[in-house]
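Student: So that you have it, the file is target-v4.txt, and it contains compact mmCIF, C-alpha atoms and all ligand atoms:
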# COMPACT_ATOMS: atom_id res chain seq x y z
CA MET A 1 22.83 -19.18 2.36
CA THR A 2 23.70 -21.07 -0.78
CA LEU A 3 23.56 -24.87 -0.71
CA PRO A 4 27.37 -25.26 -0.48
CA GLU A 5 27.37 -22.83 2.45
CA ILE A 6 24.70 -24.80 4.30
CA GLU A 7 26.61 -28.00 3.56
CA ALA A 8 29.75 -26.51 5.09
CA GLU A 9 27.80 -25.47 8.21
CA PHE A 10 26.29 -28.93 8.51
CA ALA A 11 29.67 -30.59 8.11
CA ALA A 12 30.89 -28.46 11.02
CA LEU A 13 27.82 -29.49 13.06
CA GLY A 14 28.57 -33.15 12.26
CA GLU A 15 25.35 -33.56 10.30
CA PRO A 16 25.06 -35.55 7.06
CA LYS A 17 25.21 -33.69 3.77
CA TYR A 18 21.71 -34.62 2.56
CA ARG A 19 20.23 -32.72 5.51
CA ALA A 20 21.65 -29.52 4.05
CA LYS A 21 19.74 -30.14 0.85
CA GLN A 22 16.54 -30.71 2.81
CA VAL A 23 16.99 -27.40 4.61
CA PHE A 24 17.72 -25.59 1.34
CA GLU A 25 14.53 -27.00 -0.15
CA TRP A 26 12.51 -25.90 2.88
CA LEU A 27 13.88 -22.38 2.59
CA GLY A 28 12.94 -22.34 -1.08
CA ARG A 29 9.39 -23.25 -0.15
CA GLY A 30 9.17 -20.31 2.25
CA VAL A 31 9.12 -22.17 5.55
CA ARG A 32 8.63 -19.65 8.36
CA ASP A 33 10.46 -21.39 11.21
CA PHE A 34 12.70 -24.39 11.86
CA GLU A 35 9.77 -26.23 13.48
CA GLY A 36 8.16 -26.36 10.04
CA MET A 37 11.04 -28.43 8.60
CA SER A 38 9.10 -31.58 9.37
CA ASN A 39 11.43 -34.14 7.83
CA LEU A 40 14.32 -33.14 10.10
CA PRO A 41 14.81 -34.88 13.48
CA LYS A 42 13.54 -32.85 16.40
CA ALA A 43 17.01 -32.55 17.92
CA LEU A 44 18.40 -31.07 14.70
CA ARG A 45 15.54 -28.58 14.43
CA GLU A 46 16.32 -27.56 17.99
CA LYS A 47 20.02 -27.19 17.21
CA LEU A 48 19.23 -25.02 14.19
CA ARG A 49 16.89 -22.83 16.22
CA GLU A 50 19.65 -22.23 18.75
CA ASN A 51 22.35 -21.44 16.22
CA TYR A 52 20.67 -19.74 13.29
CA ARG A 53 18.09 -17.13 12.58
CA LEU A 54 15.18 -17.68 10.24
CA TYR A 55 12.85 -14.82 9.48
CA ALA A 56 10.00 -14.45 7.02
CA PRO A 57 8.84 -10.92 6.14
CA LYS A 58 5.34 -9.94 7.23
CA VAL A 59 2.77 -8.25 5.01
CA LEU A 60 2.27 -4.76 6.45
CA SER A 61 0.01 -3.78 3.60
CA LYS A 62 -1.19 -5.28 0.34
CA GLN A 63 -2.96 -3.25 -2.33
CA VAL A 64 -4.46 -4.77 -5.44
CA SER A 65 -5.08 -2.49 -8.41
CA GLN A 66 -8.71 -2.43 -9.56
CA ILE A 67 -7.49 -1.43 -13.01
CA ASP A 68 -4.91 -4.07 -13.91
CA GLY A 69 -4.44 -6.43 -10.94
CA THR A 70 -0.99 -5.07 -10.06
CA ILE A 71 -0.18 -5.95 -6.46
CA LYS A 72 1.84 -3.73 -4.19
CA TYR A 73 3.26 -5.16 -0.99
CA LEU A 74 4.78 -3.36 1.93
CA TRP A 75 6.85 -5.88 3.90
CA GLU A 76 8.00 -5.62 7.46
CA LEU A 77 11.63 -6.71 7.86
CA TYR A 78 13.12 -8.34 10.96
CA ASP A 79 14.15 -4.99 12.45
CA GLY A 80 10.84 -3.21 11.87
CA ASN A 81 11.94 -1.42 8.70
CA ALA A 82 9.72 -1.68 5.65
CA VAL A 83 10.26 -2.04 1.90
CA GLU A 84 7.99 -2.24 -1.13
CA THR A 85 7.60 -4.93 -3.80
CA VAL A 86 5.32 -4.79 -6.83
CA VAL A 87 3.92 -7.75 -8.78
CA MET A 88 2.86 -6.95 -12.35
CA SER A 89 1.14 -9.32 -14.74
CA TYR A 90 2.00 -9.25 -18.41
CA GLN A 91 1.00 -11.59 -21.20
CA HIS A 92 4.40 -13.26 -21.07
CA GLY A 93 4.32 -13.84 -17.31
CA ASN A 94 4.55 -12.15 -13.94
CA THR A 95 7.24 -9.63 -13.13
CA VAL A 96 8.27 -8.67 -9.63
CA CYS A 97 9.90 -5.32 -8.91
CA VAL A 98 12.11 -5.58 -5.81
CA SER A 99 13.74 -3.09 -3.46
CA CYS A 100 17.38 -3.56 -2.46
CA GLN A 101 17.75 -0.89 0.24
CA VAL A 102 15.63 0.72 2.94
CA GLY A 103 15.59 4.23 1.51
CA CYS A 104 18.26 5.51 -0.86
CA ARG A 105 21.15 7.95 -0.75
CA GLN A 106 21.21 8.93 -4.43
CA GLY A 107 18.94 11.94 -4.03
CA CYS A 108 17.20 12.00 -7.46
CA ALA A 109 15.00 15.10 -7.48
CA PHE A 110 11.85 13.38 -8.82
CA CYS A 111 11.99 10.19 -6.74
CA ALA A 112 10.06 9.34 -3.56
CA SER A 113 12.42 6.61 -2.36
CA THR A 114 15.26 8.93 -1.50
CA ILE A 115 13.41 11.59 0.46
CA GLY A 116 14.39 10.26 3.90
CA GLY A 117 17.89 9.17 2.80
CA LEU A 118 19.35 5.70 3.23
CA VAL A 119 18.46 3.74 6.36
CA ARG A 120 20.29 0.52 5.52
CA SER A 121 20.96 -1.94 2.73
CA LEU A 122 19.08 -5.21 2.48
CA ASN A 123 20.94 -8.47 2.68
CA ALA A 124 20.64 -11.04 -0.08
CA SER A 125 18.09 -13.17 1.73
CA GLU A 126 15.81 -10.19 2.32
CA ILE A 127 15.78 -9.40 -1.40
CA LEU A 128 15.19 -13.08 -2.17
CA ASP A 129 12.31 -13.10 0.31
CA GLU A 130 10.61 -10.29 -1.61
CA VAL A 131 10.46 -12.55 -4.67
CA LEU A 132 9.62 -15.74 -2.82
CA PHE A 133 6.93 -14.36 -0.52
CA SER A 134 5.36 -12.25 -3.28
CA GLN A 135 4.97 -15.46 -5.26
CA LEU A 136 3.63 -17.43 -2.30
CA ASP A 137 1.21 -14.76 -1.14
CA SER A 138 -0.11 -13.77 -4.57
CA GLY A 139 -0.21 -17.29 -5.98
CA LYS A 140 1.36 -15.85 -9.14
CA LYS A 141 4.39 -17.68 -10.43
CA ILE A 142 7.16 -15.13 -10.86
CA SER A 143 9.08 -15.41 -14.12
CA ASN A 144 10.82 -12.02 -14.34
CA ILE A 145 12.57 -9.73 -11.89
CA VAL A 146 13.40 -6.06 -12.13
CA LEU A 147 15.68 -4.46 -9.55
CA MET A 148 13.81 -1.17 -9.84
CA GLY A 149 12.26 -0.74 -6.44
CA ILE A 150 13.64 1.29 -3.54
CA GLY A 151 17.41 1.68 -3.44
CA GLU A 152 20.44 1.63 -5.73
CA PRO A 153 21.59 -1.92 -6.59
CA LEU A 154 25.17 -0.90 -7.35
CA ASP A 155 25.38 0.78 -3.94
CA ASN A 156 24.65 -2.64 -2.41
CA PHE A 157 26.75 -4.60 -4.87
CA ASP A 158 27.84 -7.69 -2.91
CA GLN A 159 24.42 -8.50 -1.47
CA VAL A 160 22.71 -7.92 -4.81
CA MET A 161 25.18 -10.31 -6.49
CA ARG A 162 24.49 -12.88 -3.79
CA PHE A 163 20.76 -12.42 -4.31
CA LEU A 164 21.20 -13.04 -8.05
CA GLU A 165 23.13 -16.23 -7.35
CA LEU A 166 20.43 -17.45 -4.95
CA VAL A 167 17.42 -16.62 -7.12
CA ASN A 168 19.13 -18.19 -10.13
CA ASP A 169 19.84 -21.50 -8.33
CA PRO A 170 18.16 -24.40 -10.20
CA MET A 171 17.25 -25.94 -6.84
CA GLY A 172 15.84 -22.63 -5.64
CA MET A 173 13.58 -20.26 -7.59
CA ASN A 174 15.53 -20.97 -10.77
CA ILE A 175 14.88 -17.61 -12.43
CA GLY A 176 17.18 -17.15 -15.43
CA MET A 177 19.47 -14.15 -15.71
CA ARG A 178 17.91 -13.25 -19.05
CA HIS A 179 14.69 -12.63 -17.14
CA ILE A 180 16.34 -10.17 -14.75
CA SER A 181 16.96 -6.42 -15.16
CA LEU A 182 19.16 -4.35 -12.91
CA SER A 183 18.59 -0.61 -12.89
CA THR A 184 21.19 1.94 -11.85
CA CYS A 185 21.40 5.72 -11.61
CA GLY A 186 24.89 5.35 -13.08
CA ILE A 187 27.41 4.24 -10.44
CA ILE A 188 30.00 3.76 -13.20
CA GLU A 189 32.77 2.65 -10.84
CA ARG A 190 30.87 -0.64 -10.56
CA PHE A 191 30.18 -1.32 -14.24
CA ASP A 192 33.40 -3.28 -14.71
CA ASP A 193 32.73 -5.37 -11.60
CA LEU A 194 29.32 -6.21 -13.01
CA ALA A 195 30.77 -7.06 -16.43
CA ASP A 196 33.34 -9.30 -14.65
CA ARG A 197 30.48 -11.45 -13.36
CA ASP A 198 29.51 -12.18 -16.94
CA LEU A 199 25.80 -12.37 -16.14
CA GLN A 200 23.23 -12.43 -18.90
CA LEU A 201 21.00 -9.88 -17.18
CA THR A 202 19.84 -6.59 -18.69
CA LEU A 203 21.51 -3.46 -17.40
CA SER A 204 19.13 -0.49 -17.35
CA VAL A 205 20.61 2.93 -16.91
CA SER A 206 18.37 5.65 -15.52
CA LEU A 207 19.48 8.40 -17.85
CA HIS A 208 16.60 10.89 -17.65
CA ALA A 209 18.66 13.60 -19.39
CA PRO A 210 21.31 13.46 -22.12
CA ASP A 211 23.19 16.63 -21.04
CA ASP A 212 25.10 17.40 -17.85
CA GLU A 213 23.19 20.54 -16.97
CA THR A 214 19.79 18.84 -16.85
CA ARG A 215 21.06 15.52 -15.53
CA SER A 216 23.08 17.00 -12.68
CA ARG A 217 20.07 19.04 -11.68
CA LEU A 218 17.86 15.95 -11.57
CA MET A 219 20.39 13.39 -10.38
CA PRO A 220 23.18 14.19 -7.92
CA ALA A 221 24.86 10.94 -9.02
CA ASN A 222 25.75 12.75 -12.25
CA ARG A 223 27.74 15.44 -10.49
CA GLY A 224 31.44 14.65 -10.64
CA ARG A 225 30.80 11.83 -13.10
CA GLY A 226 29.05 13.34 -16.09
CA VAL A 227 27.18 11.98 -19.08
CA ASP A 228 30.28 11.52 -21.29
CA LYS A 229 31.88 9.21 -18.72
CA LEU A 230 28.58 7.40 -18.27
CA MET A 231 28.40 6.77 -22.03
CA GLU A 232 31.99 5.49 -22.05
CA ALA A 233 31.13 3.09 -19.23
CA CYS A 234 27.99 1.92 -21.06
CA LYS A 235 29.90 1.36 -24.27
CA ARG A 236 32.56 -0.61 -22.48
CA TYR A 237 29.94 -2.70 -20.70
CA TYR A 238 28.23 -3.47 -24.00
CA GLU A 239 31.52 -4.39 -25.67
CA ARG A 240 32.58 -6.62 -22.79
CA THR A 241 29.26 -8.44 -22.27
CA GLY A 242 27.55 -8.22 -25.65
CA ARG A 243 24.40 -7.24 -23.75
CA ARG A 244 22.50 -4.23 -25.04
CA ILE A 245 21.90 -1.54 -22.43
CA SER A 246 18.52 0.02 -21.88
CA PHE A 247 18.14 3.73 -21.06
CA GLU A 248 15.29 4.70 -18.81
CA TYR A 249 13.95 8.16 -19.39
CA ALA A 250 11.16 9.62 -17.23
CA MET A 251 9.53 12.42 -19.19
CA ILE A 252 9.20 15.56 -17.10
CA ASP A 253 7.20 18.51 -18.33
CA GLY A 254 9.42 21.38 -19.47
CA VAL A 255 12.56 19.84 -17.92
CA ASN A 256 13.91 17.08 -20.18
CA ASP A 257 11.30 16.81 -22.94
CA THR A 258 12.35 19.44 -25.48
CA GLU A 259 13.54 18.91 -29.03
CA TYR A 260 17.10 19.63 -27.87
CA HIS A 261 16.90 16.79 -25.35
CA ALA A 262 15.39 14.40 -27.89
CA ARG A 263 18.12 15.03 -30.46
CA LEU A 264 20.94 14.66 -27.96
CA LEU A 265 19.31 11.57 -26.45
CA ALA A 266 19.13 10.00 -29.92
CA LYS A 267 22.83 10.66 -30.41
CA ARG A 268 23.72 9.21 -27.01
CA ALA A 269 21.58 6.10 -27.52
CA LYS A 270 23.06 5.42 -30.94
CA SER A 271 26.61 5.87 -29.67
CA VAL A 272 26.21 2.90 -27.34
CA GLY A 273 23.54 0.90 -29.18
CA ALA A 274 21.08 1.42 -26.35
CA HIS A 275 17.35 0.86 -26.35
CA VAL A 276 15.32 3.78 -24.95
CA ASN A 277 12.45 3.17 -22.56
CA LEU A 278 10.33 6.27 -22.02
CA ILE A 279 8.32 6.48 -18.81
CA PRO A 280 5.72 9.16 -18.20
CA LEU A 281 6.85 10.65 -14.87
CA ASN A 282 4.83 9.52 -11.88
CA HIS A 283 3.88 12.58 -9.93
CA VAL A 284 5.16 12.36 -6.36
CA GLU A 285 3.35 14.44 -3.75
CA GLU A 286 6.51 15.99 -2.31
CA ARG A 287 8.02 16.84 -5.68
CA GLU A 288 7.31 19.79 -7.98
CA PHE A 289 7.74 17.87 -11.25
CA ARG A 290 4.87 16.99 -13.58
CA PRO A 291 4.67 14.41 -16.38
CA SER A 292 5.13 15.61 -19.95
CA THR A 293 2.00 16.26 -21.96
CA ALA A 294 0.88 13.66 -24.50
CA GLY A 295 1.71 16.12 -27.29
CA HIS A 296 5.28 16.63 -26.11
CA MET A 297 5.77 12.90 -25.69
CA LYS A 298 4.55 12.26 -29.21
CA ALA A 299 6.91 14.83 -30.71
CA PHE A 300 9.79 13.46 -28.61
CA ILE A 301 9.14 9.88 -29.76
CA LYS A 302 8.96 10.98 -33.39
CA ILE A 303 12.42 12.56 -33.22
CA LEU A 304 13.87 9.36 -31.74
CA GLU A 305 12.13 7.17 -34.31
CA ASP A 306 13.25 9.37 -37.19
CA GLU A 307 16.79 8.87 -35.90
CA ASN A 308 16.20 5.09 -35.94
CA VAL A 309 16.51 4.75 -32.19
CA ASN A 310 14.87 1.69 -30.71
CA VAL A 311 12.26 3.29 -28.43
CA THR A 312 9.36 2.00 -26.34
CA VAL A 313 6.98 3.68 -23.93
CA ARG A 314 6.44 1.91 -20.64
CA ARG A 315 2.87 0.96 -19.94
CA ARG A 316 1.61 2.44 -16.71
CA LEU A 317 0.48 -0.21 -14.22
CA GLY A 318 -0.90 0.06 -10.73
CA GLY A 319 -1.69 3.77 -11.00
CA ASP A 320 -4.26 3.44 -8.22
CA VAL A 321 -2.00 1.60 -5.73
CA ASP A 322 0.94 3.99 -5.34
CA ALA A 323 2.89 1.51 -7.43
CA SER A 324 5.89 3.71 -8.10
CA CYS A 325 8.25 2.77 -5.36
CA GLY A 326 8.93 4.79 -2.28
CA GLN A 327 5.46 6.29 -2.11
CA LEU A 328 3.81 3.64 0.03
CA ARG A 329 6.68 3.45 2.51
CA ARG A 330 6.53 7.27 2.81
CA LYS A 331 2.80 7.17 3.50
CA MET A 332 3.21 4.54 6.21
CA GLN A 333 5.98 6.55 7.85
CA LYS A 334 3.78 9.62 7.90
CA ASN A 335 0.95 7.69 9.50
CA LEU A 336 3.14 6.29 12.27
N1 LIG B 401 18.36 3.26 -8.10
C1 LIG B 401 18.07 2.60 -9.33
C2 LIG B 401 16.81 1.74 -9.29
C3 LIG B 401 15.58 2.24 -8.58
S1 LIG B 401 14.48 3.38 -9.33
C4 LIG B 401 18.01 3.59 -10.45
O1 LIG B 401 18.15 4.77 -10.21
O2 LIG B 401 17.87 3.17 -11.58
C5 LIG B 401 13.74 2.61 -10.71
C6 LIG B 401 13.45 3.63 -11.82
O3 LIG B 401 12.35 4.49 -11.48
C7 LIG B 401 14.63 4.54 -12.10
O4 LIG B 401 14.78 4.68 -13.49
C8 LIG B 401 14.17 5.84 -11.48
O5 LIG B 401 14.87 6.93 -11.99
C9 LIG B 401 12.70 5.83 -11.80
N2 LIG B 401 11.88 6.75 -11.04
C10 LIG B 401 12.03 7.20 -9.78
N3 LIG B 401 11.06 8.06 -9.45
C11 LIG B 401 10.26 8.16 -10.53
C12 LIG B 401 9.07 8.89 -10.82
N4 LIG B 401 8.53 9.72 -9.92
N5 LIG B 401 8.51 8.74 -12.04
C13 LIG B 401 9.07 7.91 -12.96
N6 LIG B 401 10.17 7.19 -12.75
C14 LIG B 401 10.77 7.31 -11.55
Would you mind writing the file's structure down as structure tokens?

Tutor:
Amino acid sequence: MTLPEIEAEFAALGEPKYRAKQVFEWLGRGVRDFEGMSNLPKALREKLRENYRLYAPKVLSKQVSQIDGTIKYLWELYDGNAVETVVMSYQHGNTVCVSCQVGCRQGCAFCASTIGGLVRSLNASEILDEVLFSQLDSGKKISNIVLMGIGEPLDNFDQVMRFLELVNDPMGMNIGMRHISLSTCGIIERFDDLADRDLQLTLSVSLHAPDDETRSRLMPANRGRGVDKLMEACKRYYERTGRRISFEYAMIDGVNDTEYHARLLAKRAKSVGAHVNLIPLNHVEEREFRPSTAGHMKAFIKILEDENVNVTVRRRLGGDVDASCGQLRRKMQKNL
């Protein structure tokens, strides 16, 4: 709950307003039960326990990369479901990658998160808990958030917006919108709703192919929508918000890494002023796809650079801890 919501509840309970603030502060510190709210009268703690539910996620597994210190958590939610969160350390601070759904219904052909379909969406407080408890458990102050874990944020729009409001609260974790990226497979029907919120976050679009044939093969979300419509939506978003969009592009050997793809990608990126972020594909056990060779990547990057496209290659972190999302949850399911 937001502070005004808790205040409204407390008004209805006949409790003074400042108590609401105390509770909000306790929640922000990651208190695990109402008993722990030690500056509240016992009777009030009792009343809260009877009327409300407070749950802190449990660490089901925690893997720390020997290579770069990346931490991968698997959390148990209140109903026994599990989601993954990754904490990555960069020079400029610590970034947390959060999941927003248990599973995913988008069906991308290279992705581990979607293999078992969608189980359910997370609520705002569960997403917030991923950030809060990752920070508390790791002892690393989180300064950046990427919504790039399991699930499709624009398929859980209302709860993701609530999460953003909560995590942005100056009395809460106080993480600025400019330090948050939201990644989508291209649910364009929601782009205007997102622009309406006028948030200063970065919208990342998982493009992965600049043409309909390749993209529809890789990403069912492209079928019935198409790359042209996606580009229109991106352009409109950029014009309305003034925020540059970032294209994510996982390089897959022999699938989307040819000269043809590079040239068309350059054209697409320039048409909407997008930045291109290349990611060497993470091989997923259940999937046939392989990462592009270093030679192909180099040639691909050169074409983009020659076309003056703003392009970066994502550094690979946590390679030894199944850090690309969906993999750890899959492994746990198999072992159960
Ligand atoms: N549903 C959202 C966010 C979650 S996925 C989206 O589609 O953007 C975060 C990013 O990881 C997406 O760009 C996704 O396409 C990419 N991804 C998924 N599986 C991958 C893999 N095996 N290798 C590289 N990137 C992958």

Student: One number please: atom CA of Val205 of chain A to atom CA of Asp169 of chain A, in Å, one decimal.

Tutor: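 The value is 25.9 Å.
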
Student: Within 7 Å of ligand LIG 401 (chain B), which residues of chain A come that close, and what is the closest atom pair and distance in Å for each? Count all atoms listed in the file and give it as JSON lines.

Tutor:
{"residue": "A:Phe110", "atom": "CA", "partner": "B:LIG401", "partner_atom": "N4", "distance": 5.1}
{"residue": "A:Cys111", "atom": "CA", "partner": "B:LIG401", "partner_atom": "N3", "distance": 3.6}
{"residue": "A:Ala112", "atom": "CA", "partner": "B:LIG401", "partner_atom": "N3", "distance": 6.1}
{"residue": "A:Leu147", "atom": "CA", "partner": "B:LIG401", "partner_atom": "C2", "distance": 6.3}
{"residue": "A:Met148", "atom": "CA", "partner": "B:LIG401", "partner_atom": "C5", "distance": 3.9}
{"residue": "A:Gly149", "atom": "CA", "partner": "B:LIG401", "partner_atom": "C3", "distance": 4.9}
{"residue": "A:Ile150", "atom": "CA", "partner": "B:LIG401", "partner_atom": "C3", "distance": 5.5}
{"residue": "A:Gly151", "atom": "CA", "partner": "B:LIG401", "partner_atom": "N1", "distance": 5.0}
{"residue": "A:Glu152", "atom": "CA", "partner": "B:LIG401", "partner_atom": "N1", "distance": 3.5}
{"residue": "A:Pro153", "atom": "CA", "partner": "B:LIG401", "partner_atom": "N1", "distance": 6.3}
{"residue": "A:Ser183", "atom": "CA", "partner": "B:LIG401", "partner_atom": "O2", "distance": 4.1}
{"residue": "A:Thr184", "atom": "CA", "partner": "B:LIG401", "partner_atom": "O2", "distance": 3.6}
{"residue": "A:Cys185", "atom": "CA", "partner": "B:LIG401", "partner_atom": "O1", "distance": 3.7}
{"residue": "A:Ser204", "atom": "CA", "partner": "B:LIG401", "partner_atom": "O2", "distance": 6.9}
{"residue": "A:Val205", "atom": "CA", "partner": "B:LIG401", "partner_atom": "O2", "distance": 6.0}
{"residue": "A:Ser206", "atom": "CA", "partner": "B:LIG401", "partner_atom": "O4", "distance": 4.2}
{"residue": "A:Glu248", "atom": "CA", "partner": "B:LIG401", "partner_atom": "O4", "distance": 5.3}
{"residue": "A:Tyr249", "atom": "CA", "partner": "B:LIG401", "partner_atom": "O4", "distance": 6.9}
{"residue": "A:Ala250", "atom": "CA", "partner": "B:LIG401", "partner_atom": "C13", "distance": 5.1}
{"residue": "A:Ile279", "atom": "CA", "partner": "B:LIG401", "partner_atom": "C13", "distance": 6.1}
{"residue": "A:Pro280", "atom": "CA", "partner": "B:LIG401", "partner_atom": "C13", "distance": 6.3}
{"residue": "A:Leu281", "atom": "CA", "partner": "B:LIG401", "partner_atom": "N5", "distance": 3.8}
{"residue": "A:Asn282", "atom": "CA", "partner": "B:LIG401", "partner_atom": "N5", "distance": 3.8}
{"residue": "A:His283", "atom": "CA", "partner": "B:LIG401", "partner_atom": "N4", "distance": 5.5}
{"residue": "A:Val284", "atom": "CA", "partner": "B:LIG401", "partner_atom": "N4", "distance": 5.6}
{"residue": "A:Ser324", "atom": "CA", "partner": "B:LIG401", "partner_atom": "C12", "distance": 6.7}

Student: Select, from A:Pro210, A:Gly116, A:Gly226, A:Pro291, the residue with the minimum atom-to-atom distance to Gly103 of chain A, counting only C-alpha atoms.

Tutor: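 Looking only at the distances to Gly103 of chain A, the closest residue turns out to be A:Gly116.
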
Student: If we count all atoms listed in the file, what is near Gly80 of chain A at a cut-off of 10 Å, once residues fewer than 3 positions away on the same chain are taken out, given as a VMD selection string?

Tutor: chain A and resid 57 to 58 75 to 77

Student: Please put the answer as JSON: centre and edge lengths, in Å with one decimal, of a box along x, y and z that encloses all listed atoms of segment 251-266 of chain A plus 3 Å on each side.

Tutor:
{"center_x": 14.1, "center_y": 15.7, "center_z": -23.8, "size_x": 19.7, "size_y": 17.4, "size_z": 19.4}

Student: Can you tell me, as a list in words, what residues are no more than 12 Å from Gln200 of chain A when counting all atoms listed in the file, ignoring any on the same chain fewer than 5 positions away?

Tutor: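 Listed by chain and then number, they are Leu164, Asn168, Ile175, Gly176, Met177, Arg178, His179, Ile180, Ser181, Leu182, Leu194, Ala195, Tyr237, Tyr238, Arg240, Thr241, Gly242, Arg243, Arg244 and Ile245 of chain A.
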
Student: Please list as number ranges by chain every residue within 10 Å of Asp228 of chain A, counting all atoms listed in the file and excluding residues in the same chain fewer than 2 positions away.

Tutor: A: 210-212, 225-226, 230-234, 268

Student: List the residues sitting within 8 Å of (28.2, 4.5, -5.4) in the file's frame, using only C-alpha atoms, as a list in words.

Tutor: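 Applying the cut-off with only C-alpha atoms, one gets Leu154, Asp155, Ile187, Glu189 and Arg190 of chain A.
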
Student: Atom CA of Leu74 of chain A and atom CA of Trp26 of chain A are how many Å apart?

Tutor: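 Distance reported for this atom pair: 23.8 Å.
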